[in-house]
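Heads up, the thing below is written out as structure tokens.
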Amino acid sequence: MAEKAVARETLFVLRETIARLEGRPVPALAAAAGEPGAQGFSEGDMPPLPIGIAAVDEALEGGLRRDALTEVRSQGLRDAGAATGFALALAACLREGEEAAPLLWIGDTVAGLEAGLPYGVGLKGFGVDPKGFLLAAPRKLDEALWLAETALAGAAFAAVVLEVRGNPARFGLTESRRLALRAKAAGRPLLLLRQAGEEEASSACHRLCAEPAPAPARPLPDGSLLGGSIGNPAFRITLEKSRNPAPLSFVLEWNAHDRRFFPVLGQPDRRFPAAAGVHPAHSGARLSASADRPDRAEDMGAVLAFGARRRPA
Amino acid sequence: MRLTALSEGAEALGLKPGQGVAEARAMCPGLEVLEEDAAADRHFLEAVADWCDRYTPLVALDGTDGLFLDITGCAHLFGGEEALLKDILARLRRMGMDACGAVASSPGLASAVCRFGSGGIVTDADIAGVLAPLPVASLRLEEETVAALSKLGLKRVGDIMTAARAPLARRFGAFLLLRLDQALCLDEEPISPRRPVASLSAERRLAEPVVAEEDILALAGQIAVSLKPSMEARGVGGRAFELVLFRVDGAVFRICAGASRPLRDPQRIARLFSQRLQAVHDDLDTGYGFEILRLNVLHHEAFEGTQASFGGDRQSEASLAAFIDSVSARLGADCLQAFRFQESHVPERASATVFAADGLAAKLKASGPETPRSERPLRLFTVPERVEVLLAEIPEGPPQSFRWRRQQHRVSRSEGPERIAMEWWIDGLETPTRDYFRIEDEAGRRFWIYRQGLYDETPSPLWFVHGVFA
């Protein structure tokens, strides 16, 4: 009886220590505080912003954190457009209805040369009002980190997007932890856009890998789709860092008018090759692209766990 | 080769400026002759002029070896004109310069008394008495005029002071009379100072020089506190500030900092300078320390004093302005940019960037972009990149596949073309029209590709990628 009590006591102390290390409130106090506390957020924390899609919100444990570092990664500079679009879509969500709330974009010089600079007219069409949009062009990584820190500390921006290229050695766990603490203290989100980067341990509460996905067609007024058209942009998002042990993948479509994400159904379940120009050596089964059909030829030798589903012609 | 300047020892030996070098060497075999470096002399004179800034901001150069200082209203700060003159000459002598000075009511008189007389203070009562025995050359006339006057026997200023004015003007021109009137203090002659005079200025003179940066910043903050009442009295706030640091050995450093909105708060002014000092840290050589610090307000604007609202939205605007100020101070004004839209259908001209510091006030009035007919990319290349296209439908079709950055992209869907003709009034009549396509490849990447030129105009037009979509 006494050993059980001692064991329970030890267990409680260990739970308390772990909760304190992870920054969550102590379970006993949380249970006393009531429902919001028990979910892992204290009254001081800001409630997360839900994306609007149940599966995604559940995977993100409520949604986007409004006072933490979120990382969006792209696997190559070819996919820079998709990653930028997704990061800016998240920033537009975080702006939360105040249309002209300021946003800061801290760009990277190499990424700017290789993938281009943000375009004002395009931003407006994407749902991000260019009126409160500030672009920063630091020359070195130190300047970029200082800019991010100052922007967060001043709490002047609704969201700060920091673009880095690759995995620079000067931006490691310590620097990301510092930025995360600054974001938490100021109550402002920081979106880290890692172009052509590898997975790296950082203090981001979520790490999302953004890949391009074929866009759904434009809807016509009578409900059907306009074949051959390119509609709202779509992204394939893989949630790499979360409580779930396996990475989860979703295909989301961004509606610029409503500033919301919608799930895209009916996407084929295969991954497109990410490496440059990989085509099977024996291209016997490749058919030429038809004149006005969006279908593509199947590549040989793909092994799929579930049967391939073709897109409707 | 002639001698242009001599040291005291050389003058004591009887050498005169204008003498030939060979003759001088004959008179004194051990003479050391250095080549004249006019640029270095001027640089040195300007450094001394900077040093004289501690007495008055109105300092002008007089020829190659003199300075005019306008001490109207400053003399009482140093205990009177005589004390000021003695102080300047003593300090210059301590720094190793042989200087003579004079204080008078006009620059002409002071220059005459200093160069050809014995210097000192000339009161208004005895102007004529002091000026009369001086030679005519002291009136800063041209050499021919001086020669002509001396040929006529008019060797002293006293001779022409009492002469009839009309014949003199007829013979030698009006310039002679102008100079005479300036020397007699009958004509105003303003000096043109080297630097623009700040509208507001406050300074601190220290008994012991400061070396540490934190002390400099703390003192700057205190000086800003003393500037605040005068700014409030005028209803202005400063947009451009200058911190002038006078080092003990005479060097002067100026640090400028600008603000995007009129500032009055001493803490924000001090913060501007702390960012600026971090940026110019390496250029600032503190040496043995700074003994005088002065804060100038170079440019001020009307201060819109607004009452803080309970809602706190003023707070965010103020913190945005503070962020822009600190970034401009630390990284330069060109680091932060905002969008400015122009009425142009050419994509690269429709959206331009303007520095955030300048655009802050005008930003809110700016109109948004016009909605173009088709969608525009999220990221635009500054210079469109060439792609290789082998097959495309003629005359208006999209490419079937293209090769960009050594990677083949197969086109699965496309929207377009959107024909954009270039602005003939800017680019000329020969610039080819562009047909833009919004293209999606197999992987789902979306590009904005254009063909430069129509098929009738050019047999094989070039294709470029101008931007990427999300």
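Chain labels A, B, ... are given in the sequence in which chains occur in the structure tokens; within each chain residues are numbered consecutively from 1, and ligands are likewise numbered from 1 in the order shown.
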
Neighbours of chain A in chain B at 7 Å, counting only C-alpha atoms, as a PDB file with C-alpha atoms, in the first residue's frame:
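That gives us part.pdb:
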```
ATOM      1  CA  SER B 316       0.524  49.310 -33.405  1.00  0.00           C
ATOM      2  CA  SER B 319       5.429  50.346 -33.009  1.00  0.00           C
ATOM      3  CA  LEU B 320       5.501  49.868 -36.794  1.00  0.00           C
ATOM      4  CA  PHE B 323      10.461  49.173 -36.118  1.00  0.00           C
ATOM      5  CA  CYS B 335      16.415  47.474 -46.390  1.00  0.00           C
ATOM      6  CA  LEU B 336      12.662  47.751 -45.927  1.00  0.00           C
ATOM      7  CA  GLN B 337      10.399  48.250 -48.914  1.00  0.00           C
ATOM      8  CA  ALA B 338       6.709  48.541 -49.484  1.00  0.00           C
ATOM      9  CA  PHE B 339       4.701  48.167 -52.662  1.00  0.00           C
ATOM     10  CA  SER B 351       4.209  47.020 -59.183  1.00  0.00           C
ATOM     11  CA  PRO B 369      -3.484  47.538 -57.786  1.00  0.00           C
ATOM     12  CA  GLU B 375      -4.156  35.880 -62.670  1.00  0.00           C
ATOM     13  CA  ARG B 376      -0.734  37.121 -61.830  1.00  0.00           C
ATOM     14  CA  PRO B 377       2.045  35.045 -60.311  1.00  0.00           C
ATOM     15  CA  LEU B 378       2.993  35.181 -56.682  1.00  0.00           C
ATOM     16  CA  ARG B 379       6.698  35.611 -57.342  1.00  0.00           C
ATOM     17  CA  LEU B 380       8.079  37.490 -60.299  1.00  0.00           C
ATOM     18  CA  PHE B 381      11.596  37.244 -61.639  1.00  0.00           C
ATOM     19  CA  THR B 382      13.370  40.566 -61.958  1.00  0.00           C
ATOM     20  CA  GLN B 407      15.060  20.181 -66.316  1.00  0.00           C
ATOM     21  CA  GLN B 408      12.377  19.079 -68.681  1.00  0.00           C
ATOM     22  CA  SER B 412      -0.299  19.110 -68.613  1.00  0.00           C
ATOM     23  CA  ARG B 413      -2.641  22.117 -68.613  1.00  0.00           C
ATOM     24  CA  SER B 414      -2.453  25.709 -69.673  1.00  0.00           C
ATOM     25  CA  GLU B 415      -4.531  28.844 -69.654  1.00  0.00           C
ATOM     26  CA  ALA B 443       4.004  17.649 -60.950  1.00  0.00           C
ATOM     27  CA  GLY B 444       1.644  20.511 -60.312  1.00  0.00           C
ATOM     28  CA  ARG B 445       4.065  23.389 -60.550  1.00  0.00           C
ATOM     29  CA  GLY B 467       7.118  34.145 -62.622  1.00  0.00           C
ATOM     30  CA  VAL B 468       5.904  31.236 -60.563  1.00  0.00           C
ATOM     31  CA  PHE B 469       2.430  30.778 -59.140  1.00  0.00           C
ATOM     32  CA  ALA B 470       1.599  29.127 -55.905  1.00  0.00           C
TER      33      ALA B 470
END
```

Residues at most 8 Å from range 118-129 of chain B, counting only C-alpha atoms, excluding those fewer than 4 positions away in the same chain, as a PDB file with C-alpha atoms, in the first residue's frame?
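Once everything was written out, this is selection22.pdb:
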```pdb
ATOM      1  CA  GLU B  81      34.851  88.230 -27.060  1.00  0.00           C
ATOM      2  CA  GLU B  82      38.307  88.664 -25.613  1.00  0.00           C
ATOM      3  CA  LEU B  85      39.692  84.939 -28.889  1.00  0.00           C
ATOM      4  CA  CYS B 100      46.525  85.040 -35.279  1.00  0.00           C
ATOM      5  CA  GLY B 101      42.985  86.275 -34.944  1.00  0.00           C
ATOM      6  CA  ALA B 102      40.860  89.373 -34.840  1.00  0.00           C
ATOM      7  CA  VAL B 103      37.301  90.142 -33.790  1.00  0.00           C
ATOM      8  CA  ALA B 104      35.492  92.908 -35.641  1.00  0.00           C
ATOM      9  CA  SER B 105      32.027  93.819 -36.792  1.00  0.00           C
ATOM     10  CA  ALA B 110      38.641  91.380 -39.272  1.00  0.00           C
ATOM     11  CA  VAL B 113      43.356  93.583 -39.091  1.00  0.00           C
ATOM     12  CA  CYS B 114      44.365  89.967 -38.743  1.00  0.00           C
ATOM     13  CA  PRO B 133      47.467 102.718 -41.283  1.00  0.00           C
ATOM     14  CA  GLY B 158      43.595 106.004 -44.950  1.00  0.00           C
ATOM     15  CA  LEU B 184      34.318 100.136 -42.774  1.00  0.00           C
TER      16      LEU B 184
END
```

Q: Select from range 112-205 of chain B everything DSSP, run on the backbone, classes as strand (DSSP E), then give the selection as a ChimeraX atom specification.
A: /B:120-121,200-205

Q.
Given only C-alpha atoms as the basis, pick out the residue of B:Met1, B:Met27, B:Ala202, B:Leu177 nearest to Ala164 in chain B.
A.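 Nearest to Ala164 in chain B: B:Leu177.
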
**Q.** Coordinates-based distance that separates CA of Arg94 in chain B from CA of Gly14 in chain B (Å, one decimal)
**A.**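 Distance reported for this atom pair: 25.8 Å.
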
Write out as a short mmCIF file (atom, residue, chain, number, x, y, z; two decimals) with N, CA and C atoms, in the first residue's frame which residues come within 7 Å of Pro247 in chain A when counting only C-alpha atoms, dropping same-chain ones fewer than 4 positions away.
```cif
data_model
loop_
_atom_site.label_atom_id
_atom_site.label_comp_id
_atom_site.auth_asym_id
_atom_site.auth_seq_id
_atom_site.Cartn_x
_atom_site.Cartn_y
_atom_site.Cartn_z
N THR A 238 2.70 17.80 -46.10
CA THR A 238 3.05 16.65 -45.27
C THR A 238 3.44 17.18 -43.91
N LEU A 239 2.77 16.67 -42.91
CA LEU A 239 3.05 17.13 -41.56
C LEU A 239 4.15 16.26 -41.00
N GLU A 240 5.34 16.82 -40.90
CA GLU A 240 6.47 15.98 -40.53
C GLU A 240 6.70 15.93 -39.04
#
```
